[in-house]
>>> print(open('coords21.txt').read())   # compact mmCIF, C-alpha atoms
# COMPACT_ATOMS: atom_id res chain seq x y z
CA MET H 1 0.00 0.00 0.00
CA ARG H 2 2.82 2.38 0.95
CA TYR H 3 4.73 1.59 -2.25
CA GLU H 4 1.61 2.04 -4.38
CA ARG H 5 0.91 5.50 -2.93
CA GLY H 6 4.56 6.54 -3.26
CA VAL H 7 4.75 5.40 -6.89
CA ALA H 8 1.43 7.13 -7.72
CA ALA H 9 2.70 10.43 -6.22
CA ARG H 10 5.99 10.29 -8.14
CA LEU H 11 4.22 9.27 -11.33
CA MET H 12 2.04 12.35 -11.02
CA LEU H 13 5.22 14.41 -10.85
CA VAL H 14 6.49 12.76 -14.05
CA GLU H 15 3.13 13.41 -15.72
CA THR H 16 3.38 17.08 -14.71
CA LEU H 17 6.82 17.26 -16.35
CA VAL H 18 5.49 15.65 -19.53
CA ARG H 19 2.47 17.98 -19.71
CA GLU H 20 4.73 20.98 -19.04
CA SER H 21 7.04 19.99 -21.93
CA ILE H 22 4.14 19.34 -24.30
CA ASN H 23 2.57 22.72 -23.44
CA LYS H 24 5.89 24.48 -24.01
CA VAL H 25 6.17 22.94 -27.49
CA LYS H 26 2.54 23.83 -28.28
CA ASN H 27 3.08 27.45 -27.18
CA TYR H 28 6.24 27.64 -29.28
CA LEU H 29 4.40 26.30 -32.34
CA SER H 30 1.56 28.78 -31.75
CA ARG H 31 4.13 31.60 -31.62
CA LEU H 32 5.44 30.38 -35.00
CA GLY H 33 1.93 30.77 -36.39
CA VAL H 34 0.88 27.10 -36.40
CA LYS H 35 -2.90 27.02 -35.98
CA GLU H 36 -3.31 23.32 -35.21
CA SER H 37 -0.41 22.94 -32.78
CA ASP H 38 -2.35 20.30 -30.78
CA SER H 39 -2.66 17.93 -33.72
CA VAL H 40 1.00 18.48 -34.73
CA VAL H 41 2.23 17.58 -31.23
CA SER H 42 -0.14 14.66 -30.69
CA GLY H 43 0.77 13.32 -34.15
CA VAL H 44 4.43 13.19 -33.12
CA LEU H 45 4.16 11.81 -29.57
CA ASP H 46 3.12 8.27 -30.48
CA ASN H 47 4.68 7.97 -33.91
CA TYR H 48 8.15 7.88 -35.49
CA PHE H 49 9.57 4.90 -33.62
CA VAL H 50 12.42 2.90 -35.16
CA ILE H 51 12.49 -0.88 -34.94
CA ASP H 52 15.97 -2.32 -34.46
CA PRO H 53 17.26 -4.25 -37.47
CA VAL H 54 17.59 -8.05 -37.29
CA SER H 55 20.75 -8.76 -35.30
CA ILE H 56 20.73 -12.56 -35.55
CA GLU H 57 22.13 -12.04 -39.09
CA PRO H 58 24.73 -9.29 -38.57
CA THR H 59 25.73 -8.88 -42.24
CA ASP H 60 25.28 -5.21 -43.28
CA ILE H 61 23.46 -4.46 -39.99
CA ILE H 62 24.99 -0.95 -39.87
CA LYS H 63 23.72 -0.14 -43.37
CA ARG H 64 20.25 -1.36 -42.44
CA MET H 65 20.26 0.57 -39.16
CA ASP H 66 21.49 3.72 -40.93
CA HIS H 67 18.80 3.31 -43.61
CA MET H 68 16.07 3.12 -40.98
CA ILE H 69 17.35 6.06 -38.90
CA VAL H 70 17.82 8.30 -41.97
CA ASN H 71 14.39 7.36 -43.39
CA ASN H 72 12.67 8.01 -40.06
CA GLU H 73 14.38 11.38 -39.64
CA SER H 74 13.59 12.54 -43.15
CA LYS H 75 9.94 11.36 -42.83
CA PHE H 76 9.66 13.26 -39.53
CA LYS H 77 11.11 16.48 -40.95
CA LYS H 78 9.05 16.27 -44.18
CA ASP H 79 5.85 15.84 -42.15
CA LEU H 80 6.82 18.82 -40.00
CA GLU H 81 7.52 20.93 -43.10
CA LYS H 82 4.03 20.08 -44.35
CA SER H 83 2.49 21.12 -41.02
CA ILE H 84 4.55 24.33 -40.81
CA PRO H 85 4.98 25.54 -44.40
CA GLY H 86 7.62 28.17 -45.13
CA ILE H 87 9.64 27.43 -41.97
CA SER H 88 13.41 28.01 -42.12
CA ARG H 89 15.74 25.02 -41.81
CA HIS H 90 17.15 26.23 -38.45
CA THR H 91 13.69 26.73 -36.93
CA LEU H 92 12.57 23.38 -38.32
CA ASN H 93 15.53 21.70 -36.62
CA ASN H 94 14.72 23.49 -33.34
CA VAL H 95 11.08 22.35 -33.54
CA ALA H 96 12.16 18.78 -34.40
CA VAL H 97 14.52 18.57 -31.41
CA SER H 98 11.91 20.05 -29.04
CA LEU H 99 9.31 17.57 -30.23
CA ALA H 100 11.81 14.72 -29.91
CA ILE H 101 12.48 15.72 -26.27
CA ALA H 102 8.74 15.91 -25.47
CA SER H 103 8.19 12.57 -27.21
CA ALA H 104 11.04 10.93 -25.25
CA LEU H 105 9.59 12.19 -21.94
CA PHE H 106 6.14 10.93 -22.93
CA THR H 107 7.54 7.48 -23.76
CA VAL H 108 9.31 7.26 -20.39
CA PHE H 109 6.07 8.23 -18.64
CA LYS H 110 4.08 5.60 -20.57
CA VAL H 111 6.55 2.85 -19.66
CA LEU H 112 6.55 3.82 -15.97
CA ARG H 113 2.76 3.99 -15.93
CA HIS H 114 2.62 0.57 -17.61
CA TYR H 115 4.68 -1.07 -14.86
CA TYR H 116 2.75 0.76 -12.13
CA LEU H 117 -0.62 -0.43 -13.47
CA LEU H 118 0.80 -3.92 -14.04
CA GLY H 119 1.99 -4.04 -10.42
CA LYS H 120 -1.42 -2.93 -9.21
CA LYS H 121 -3.33 -5.30 -11.49
CA TYR H 122 -1.48 -8.44 -10.40
CA GLU H 123 -0.74 -7.16 -6.87
CA ASN H 124 2.94 -7.55 -7.65
CA TRP H 125 4.49 -5.66 -4.72
CA VAL H 126 8.02 -6.49 -5.83
CA LEU H 127 7.41 -4.57 -9.07
CA LEU H 128 5.87 -1.63 -7.19
CA MET H 129 8.72 -1.63 -4.69
CA GLN H 130 11.30 -1.48 -7.49
CA LEU H 131 9.45 1.44 -9.07
CA TYR H 132 9.20 3.14 -5.67
CA LEU H 133 12.96 2.89 -5.19
CA LEU H 134 13.81 3.87 -8.78
CA LEU H 135 11.45 6.80 -9.32
CA PRO H 136 13.18 9.51 -7.21
CA GLN H 137 16.36 9.13 -9.30
CA LEU H 138 14.38 8.98 -12.55
CA VAL H 139 12.44 12.16 -11.73
CA LYS H 140 15.70 14.01 -11.05
CA GLU H 141 17.10 12.78 -14.37
CA LEU H 142 13.97 13.77 -16.31
CA ILE H 143 13.71 17.36 -15.01
CA PRO H 144 16.65 18.67 -17.14
CA TYR H 145 14.89 17.42 -20.30
CA THR H 146 11.97 19.74 -19.58
CA LYS H 147 14.33 22.65 -18.98
CA ALA H 148 16.27 21.81 -22.17
CA ILE H 149 13.25 22.64 -24.35
CA ASP H 150 13.42 26.35 -23.36
CA GLY H 151 17.09 26.52 -24.34
CA VAL H 152 16.48 24.93 -27.74
CA PHE H 153 13.63 27.38 -28.50
CA ARG H 154 15.80 30.37 -27.66
CA GLY H 155 18.72 28.97 -29.66
CA LEU H 156 21.07 28.74 -26.67
CA PRO H 157 24.07 26.42 -26.98
CA ILE H 158 23.69 23.37 -24.73
CA GLY H 159 26.40 21.35 -22.99
CA ASP H 160 26.53 18.94 -25.94
CA SER H 161 27.42 21.90 -28.21
CA VAL H 162 31.04 21.92 -26.98
CA GLY H 163 32.22 19.89 -30.01
CA PRO H 164 30.77 22.35 -32.57
CA MET H 165 32.04 25.27 -30.41
CA VAL H 166 35.62 23.96 -30.53
CA ALA H 167 35.13 23.53 -34.30
CA PHE H 168 33.91 27.14 -34.51
CA LYS H 169 36.92 28.37 -32.55
CA LEU H 170 39.18 26.63 -35.07
CA ALA H 171 37.26 27.62 -38.21
CA GLY H 172 36.17 31.11 -37.15
CA LEU H 173 34.05 32.78 -39.82
CA SER H 174 35.66 30.90 -42.74
CA PRO H 175 33.06 29.72 -45.30
CA ARG H 176 30.89 26.71 -44.42
CA ILE H 177 30.63 24.28 -47.33
CA ASP H 178 27.83 21.69 -47.43
CA ILE H 179 29.12 18.14 -47.42
CA GLU H 180 26.13 16.11 -46.16
CA GLU H 181 22.61 16.84 -44.96
CA ASP H 182 22.85 19.37 -42.09
CA THR H 183 26.64 18.94 -42.11
CA VAL H 184 29.27 21.45 -43.24
CA TYR H 185 33.03 21.71 -43.43
CA SER H 186 35.54 24.56 -43.47
CA LEU H 187 39.13 24.54 -44.66
CA ILE H 188 41.77 26.40 -42.66
CA ASN H 189 45.55 26.46 -42.61
CA VAL H 190 47.46 25.77 -39.41
CA GLU H 191 51.22 26.34 -39.91
CA GLY H 192 51.20 24.80 -43.40
CA ARG H 193 48.74 21.98 -42.66
CA ASN H 194 45.36 21.74 -44.38
CA VAL H 195 42.79 21.30 -41.63
CA TYR H 196 39.26 20.28 -42.67
CA ILE H 197 36.79 21.08 -39.90
CA VAL H 198 33.51 19.16 -39.95
CA LYS H 199 30.50 20.11 -37.84
CA ALA H 200 26.73 20.12 -37.91
CA ARG H 201 25.24 23.09 -39.71
CA GLY H 202 24.27 25.76 -37.19
CA PRO H 203 22.81 27.71 -35.61
CA GLY H 204 19.81 25.33 -35.68
CA ALA H 205 19.54 22.34 -33.34
CA THR H 206 20.98 19.40 -35.23
CA VAL H 207 23.81 16.92 -34.86
CA GLY H 208 24.17 16.46 -38.62
CA ARG H 209 25.93 13.45 -40.07
CA PRO H 210 29.58 14.01 -39.16
CA GLY H 211 30.62 10.42 -39.89
CA LYS H 212 29.46 10.62 -43.48
CA GLY H 213 30.94 14.13 -43.72
CA VAL H 214 34.35 12.83 -42.64
CA ALA H 215 34.06 9.91 -45.10
CA LYS H 216 33.25 12.26 -48.01
CA ILE H 217 36.16 14.60 -47.22
CA ALA H 218 38.54 11.63 -47.01
CA GLU H 219 37.25 10.41 -50.40
CA MET H 220 37.67 13.93 -51.80
CA LEU H 221 41.31 13.88 -50.62
CA SER H 222 41.85 10.42 -52.16
CA TYR H 223 42.29 9.04 -48.64
CA SER H 224 45.44 11.08 -48.10
CA VAL H 225 44.68 12.04 -44.51
CA ALA H 226 47.40 12.19 -41.85
CA ARG H 227 45.18 12.36 -38.77
CA ILE H 228 41.53 12.45 -37.76
CA ILE H 229 40.58 14.25 -34.54
CA THR H 230 37.12 14.04 -32.97
CA VAL H 231 35.98 16.43 -30.23
CA ASP H 232 32.85 15.65 -28.24
CA ALA H 233 31.13 16.01 -24.88
CA ALA H 234 31.38 12.90 -22.70
CA LEU H 235 29.49 11.86 -19.61
CA LYS H 236 31.56 12.28 -16.46
CA LEU H 237 31.55 9.84 -13.61
CA GLU H 238 30.22 11.13 -10.29
CA GLY H 239 33.11 12.86 -8.51
CA GLU H 240 34.82 13.99 -11.71
CA GLN H 241 34.95 17.71 -12.43
CA THR H 242 32.66 19.26 -15.02
CA GLY H 243 34.61 20.71 -17.93
CA SER H 244 37.72 18.57 -17.44
CA ILE H 245 39.42 17.57 -20.68
CA ALA H 246 40.78 14.14 -21.54
CA GLU H 247 42.48 12.82 -24.62
CA GLY H 248 42.44 9.30 -26.00
CA SER H 249 42.21 7.22 -29.14
CA GLY H 250 39.14 6.27 -31.14
CA ALA H 251 36.09 8.08 -32.45
CA ALA H 252 34.51 10.31 -29.80
CA ILE H 253 30.91 10.19 -30.97
CA GLY H 254 27.84 8.87 -29.21
CA ASP H 255 25.53 7.81 -32.02
CA PRO H 256 23.83 4.40 -32.28
CA GLY H 257 26.62 3.23 -34.62
CA PRO H 258 26.36 4.31 -38.28
CA GLU H 259 28.27 7.60 -37.92
CA LYS H 260 30.93 6.22 -35.59
CA ILE H 261 31.70 3.26 -37.83
CA GLU H 262 32.12 5.59 -40.84
CA ILE H 263 34.88 7.50 -39.00
CA GLU H 264 36.56 4.28 -37.86
CA ARG H 265 36.45 2.78 -41.37
CA VAL H 266 37.86 5.95 -42.94
CA ALA H 267 40.66 6.09 -40.35
CA VAL H 268 41.60 2.48 -41.14
CA LYS H 269 41.41 3.07 -44.90
CA CYS H 270 43.65 6.18 -44.62
CA GLY H 271 45.94 4.53 -42.06
CA ALA H 272 45.39 7.70 -40.03
CA PRO H 273 45.60 7.77 -36.24
CA LEU H 274 42.25 8.60 -34.66
CA ASP H 275 42.43 11.03 -31.72
CA ALA H 276 39.55 11.70 -29.33
CA VAL H 277 39.33 14.85 -27.23
CA ILE H 278 36.47 14.78 -24.73
CA ILE H 279 34.99 17.41 -22.45
CA LYS H 280 33.38 15.83 -19.40
CA MET H 281 29.98 16.82 -18.00
CA GLY H 282 26.93 15.34 -16.30
CA VAL H 283 23.96 14.07 -18.29
CA ASP H 284 21.84 17.03 -17.15
CA GLU H 285 24.57 19.52 -18.08
CA ALA H 286 24.81 17.99 -21.57
CA ILE H 287 21.21 18.89 -22.43
CA LYS H 288 20.71 22.11 -20.46
CA PRO H 289 21.91 25.54 -21.71
CA MET H 290 25.68 25.72 -21.44
CA SER H 291 27.09 26.73 -18.05
CA LYS H 292 30.09 29.06 -17.65
CA GLU H 293 32.14 26.14 -16.32
CA ILE H 294 31.68 24.22 -19.58
CA ALA H 295 32.10 27.35 -21.75
CA ASP H 296 35.47 27.99 -20.06
CA SER H 297 36.65 24.47 -20.92
CA ILE H 298 36.33 25.15 -24.67
CA ASP H 299 39.61 27.11 -24.75
CA LYS H 300 41.44 24.18 -23.15
CA ALA H 301 39.96 21.68 -25.64
CA TYR H 302 40.84 24.03 -28.53
CA GLN H 303 44.42 24.28 -27.27
CA LYS H 304 44.60 20.49 -26.99
CA VAL H 305 43.46 20.07 -30.62
CA LEU H 306 45.99 22.68 -31.78
CA ASP H 307 48.77 20.87 -29.87
CA ILE H 308 47.84 17.58 -31.58
CA ILE H 309 47.87 19.25 -35.00
CA LYS H 310 51.20 21.04 -34.44
CA ASN H 311 53.07 18.25 -32.65
CA ARG H 312 51.83 15.09 -34.37
CA THR H 313 51.54 16.15 -38.02
CA LYS H 314 53.88 17.72 -40.57
CA PRO H 315 53.38 20.81 -42.74
CA GLY H 316 51.54 19.85 -45.93
CA ASP H 317 49.49 17.13 -44.21
CA ASN H 318 45.72 16.90 -44.51
CA ILE H 319 43.95 16.68 -41.15
CA ILE H 320 40.26 16.25 -40.41
CA VAL H 321 38.81 17.67 -37.17
CA ALA H 322 35.20 16.74 -36.38
CA GLY H 323 33.32 18.79 -33.79
CA ILE H 324 30.67 16.30 -32.71
CA GLY H 325 27.46 17.37 -31.01
CA ASN H 326 24.41 19.55 -31.33
CA SER H 327 25.10 22.82 -33.10
CA VAL H 328 22.20 24.74 -31.53
CA GLY H 329 23.28 28.37 -31.28
CA VAL H 330 26.63 27.77 -33.01
CA TYR H 331 27.39 28.94 -36.57
CA MET P 1 7.34 7.56 51.33
CA ASN P 2 9.17 4.63 49.72
CA MET P 3 5.83 3.07 48.84
CA GLN P 4 4.70 6.25 47.02
CA ILE P 5 7.83 6.35 44.80
CA ASN P 6 7.34 2.71 43.87
CA ASN P 7 3.74 3.46 42.80
CA ASN P 8 4.87 6.38 40.61
CA ILE P 9 7.51 4.43 38.63
CA PRO P 10 5.09 2.92 36.06
CA THR P 11 3.51 6.38 35.59
CA ILE P 12 6.95 7.96 34.97
CA ILE P 13 7.86 5.19 32.50
CA LEU P 14 4.58 5.75 30.66
CA ILE P 15 5.12 9.54 30.56
CA VAL P 16 8.67 9.09 29.20
CA PHE P 17 7.46 6.50 26.68
CA PHE P 18 4.62 8.67 25.34
CA SER P 19 6.85 11.78 25.29
CA ALA P 20 9.37 9.87 23.16
CA ILE P 21 6.58 8.79 20.77
CA LEU P 22 5.33 12.39 20.60
CA VAL P 23 8.83 13.72 19.80
CA TYR P 24 9.28 10.99 17.15
CA LEU P 25 5.91 11.80 15.51
CA VAL P 26 6.58 15.54 15.46
CA ARG P 27 10.04 15.00 13.92
CA TYR P 28 8.68 12.51 11.37
CA GLY P 29 5.83 14.90 10.46
CA LEU P 30 8.22 17.83 10.00
CA GLY P 31 10.52 15.64 7.91
CA TYR P 32 7.58 14.63 5.73
CA ILE P 33 6.62 18.28 5.13
CA VAL P 34 10.24 19.14 4.27
CA ARG P 35 10.36 16.20 1.83
CA ILE P 36 7.15 17.34 0.09
CA ARG P 37 8.49 20.91 -0.22
CA LYS P 38 11.79 19.57 -1.54
CA ASN P 39 9.96 17.49 -4.17
CA LYS P 40 8.01 20.56 -5.29
CA SER P 41 11.14 22.70 -5.42
CA GLU P 42 12.79 20.08 -7.64
CA LEU P 43 10.50 21.25 -10.44
CA GLN P 44 11.50 24.88 -10.03
CA GLU P 45 14.67 26.02 -11.73
CA PRO P 46 16.74 28.68 -9.90
CA PRO P 47 16.62 31.91 -11.93
CA LEU P 48 19.38 32.05 -14.53
CA LYS P 49 20.85 34.85 -16.54
CA THR P 50 22.08 34.27 -20.09
CA VAL P 51 25.32 36.05 -20.93
CA THR P 52 26.63 36.78 -24.42
CA VAL P 53 30.36 37.43 -24.83
CA VAL P 54 31.23 39.54 -27.87
CA SER P 55 34.85 39.88 -29.05
CA CYS P 56 36.57 41.88 -31.74
CA ILE P 57 38.13 39.77 -34.51
CA ASN P 58 41.43 41.56 -33.77
CA GLN P 59 41.13 40.44 -30.11
CA ASP P 60 41.47 44.00 -28.74
CA TYR P 61 37.97 44.30 -27.27
CA THR P 62 35.66 42.01 -25.30
CA LEU P 63 32.21 42.80 -23.97
CA GLU P 64 29.89 40.75 -21.78
CA ARG P 65 26.26 41.67 -22.18
CA GLU P 66 22.78 40.21 -21.65
CA PHE P 67 21.64 37.66 -24.28
CA ARG P 68 19.37 39.09 -26.98
CA GLU P 69 16.93 37.04 -29.08
CA GLY P 70 18.69 36.00 -32.29
CA ASP P 71 22.19 35.84 -30.77
CA PHE P 72 24.27 32.83 -31.79
CA ILE P 73 27.95 32.00 -31.66
CA GLY P 74 29.55 33.37 -34.81
CA LYS P 75 27.02 36.17 -35.29
CA VAL P 76 28.64 39.40 -36.50
CA ASP P 77 27.53 41.93 -33.89
CA GLY P 78 28.58 45.25 -35.35
CA PRO P 79 31.74 47.36 -35.43
CA CYS P 80 34.39 47.32 -32.73
CA PRO P 81 34.46 50.63 -30.81
CA LYS P 82 38.28 50.47 -30.64
CA CYS P 83 39.48 49.47 -34.13
CA ASN P 84 36.21 49.63 -36.11
CA SER P 85 36.57 46.06 -37.40
CA SER P 86 33.79 43.48 -36.80
CA THR P 87 32.83 42.04 -33.44
CA VAL P 88 31.61 38.46 -33.24
CA VAL P 89 29.57 36.61 -30.60
CA GLU P 90 32.15 34.25 -29.12
CA ARG P 91 30.32 32.63 -26.22
CA ILE P 92 26.82 32.24 -24.80
CA TYR P 93 26.33 30.68 -21.38
CA VAL P 94 24.05 30.81 -18.37
CA VAL P 95 24.96 31.84 -14.83
CA PRO P 96 22.78 31.80 -11.70
CA LEU P 97 21.17 35.22 -11.28
CA ALA P 98 22.69 35.60 -7.80
CA VAL P 99 26.24 35.81 -9.15
CA ARG P 100 25.37 38.56 -11.62
CA GLU P 101 28.45 39.57 -13.57
CA THR P 102 29.08 43.09 -14.68
CA GLY P 103 30.07 44.08 -18.21
CA ARG P 104 33.81 43.91 -18.74
CA LYS P 105 35.75 45.94 -21.23
CA ARG P 106 39.32 45.33 -22.10
>>> encode(input="coords21.txt", output="structure tokens")
Amino acid sequence: MRYERGVAARLMLVETLVRESINKVKNYLSRLGVKESDSVVSGVLDNYFVIDPVSIEPTDIIKRMDHMIVNNESKFKKDLEKSIPGISRHTLNNVAVSLAIASALFTVFKVLRHYYLLGKKYENWVLLMQLYLLLPQLVKELIPYTKAIDGVFRGLPIGDSVGPMVAFKLAGLSPRIDIEEDTVYSLINVEGRNVYIVKARGPGATVGRPGKGVAKIAEMLSYSVARIITVDAALKLEGEQTGSIAEGSGAAIGDPGPEKIEIERVAVKCGAPLDAVIIKMGVDEAIKPMSKEIADSIDKAYQKVLDIIKNRTKPGDNIIVAGIGNSVGVY
Amino acid sequence: MNMQINNNIPTIILIVFFSAILVYLVRYGLGYIVRIRKNKSELQEPPLKTVTVVSCINQDYTLEREFREGDFIGKVDGPCPKCNSSTVVERIYVVPLAVRETGRKR
């Protein structure tokens, strides 16, 4: 009885968060001039799921997974464009990300409610007890998602934007050239080296397709690439300091697989070492508007990337730097 | 006299026992109220201020100002008051409103 009441109270809190997020998105759509914002939001909440590809036969699983993710994304954005005609690409991306956040919160709520009702229906106190113990942590983890929606609407960089911000610091205002959907690159010269900087196209909220961008640049350079450097936000362990920088090997990118494998394959094909520079932060800090602590760490990460370029490559080399993450609020 | 003290012992034990229960209930009740308030405050974000840092492309001028709608990193923000070249939005971040930072000119 005690567990049931406790779970019901916490579930109400989660429901409040979900309703708050949905209302925020509806208000935002109304401000953009969408008359039927209710139907747009409700049409998104339950739809656009992706079914995992068959894994019992792993041949070409990445291609199949990529195909499904890309198709789902493009279907989602095309449907949004139909609902909000004449919307700019940046605003469309902001709306898409906000709706994705609201949809994710709604899904979490539905799953929690499912287990709560299941526990009540079969008088399964073990299930209710687990929910009772788990919910306080879950509620704390879900609150930042609600707050993140405001930041995306206003076009504020979030914690996850550190990768594109390091890329911006390197590229400055040099021209952005389209290389993939929602992905751009810039070419700069660092002491005689050709540095190709890949990032998602800003200032809209999108992560782009940096893996495919890197692959296309490598192909363009006939696979003559001396080094590939990825910069991304990484989740810190409790006790670690927010904004601390670490350097390692491999592709620093947190996608389901298709983008990461592209970078790894290209690195192998070019015989290029793959460096990873990560900026550590908590999961809530990664989705909320960027704090000063994280913003201050960008200079250190930039310096680290410059050191790698200057000390581990020779003049005349081609180097690819990929700033991974959401480019909301970053050109 | 001795007889009277012996008769009062169970009464004293009962008083102490019920006082302890009373103290426990009051403390538990207060703790419950604090927990409810804490849960409600979890939903409320402390007020934040969004700061935009604008720098001259020649690095001779930096200004911290309040965020304006439409600001983004890389936005050309007008001429530099020192050298008349362009200023660019270099950083946007949030700080708690309590530690309000003043504009800084270099």
>>> interface_residues(input="coords21.txt", of="chain P", to="chain H", cutoff="7 Å", atoms="only C-alpha atoms", output="MDAnalysis selection string")
chainID P and resid 43 69 72:74 92:95
>>> residues_around(input="coords21.txt", residues="region 54-67 of chain P", least_positions_apart="2", cutoff="10 Å", atoms="only C-alpha atoms", output="PyMOL selection string")
(chain H and resi 154+156+172-173) or (chain P and resi 49-52+69-94+101-106)
>>> atom_distance(input="coords21.txt", atom1="CA of Gly119 (chain H)", atom2="CA of Leu135 (chain H)")
14.4 Å
>>> atom_distance(input="coords21.txt", atom1="CA of Gly211 (chain H)", atom2="CA of Glu247 (chain H)")
19.5 Å
>>> closest_residue(input="coords21.txt", among="H:Arg227, H:Lys26, H:Arg201, H:Arg64", to="Val321 (chain H)", atoms="only C-alpha atoms")
H:Arg227
>>> atom_distance(input="coords21.txt", atom1="CA of Val111 (chain H)", atom2="CA of Ile22 (chain H)")
17.3 Å
>>> residues_around(input="coords21.txt", residues="region 93-101 of chain H", least_positions_apart="3", cutoff="7 Å", atoms="only C-alpha atoms", output="number ranges by chain")
H: 25, 89-90, 104-105, 145, 149, 152-153, 204-206
>>> residues_around(input="coords21.txt", residues="region 177-181 of chain H", least_positions_apart="4", cutoff="8 Å", atoms="all atoms listed in the file", output="ChimeraX atom specification")
/H:185-186,208-209,212-213,216-217
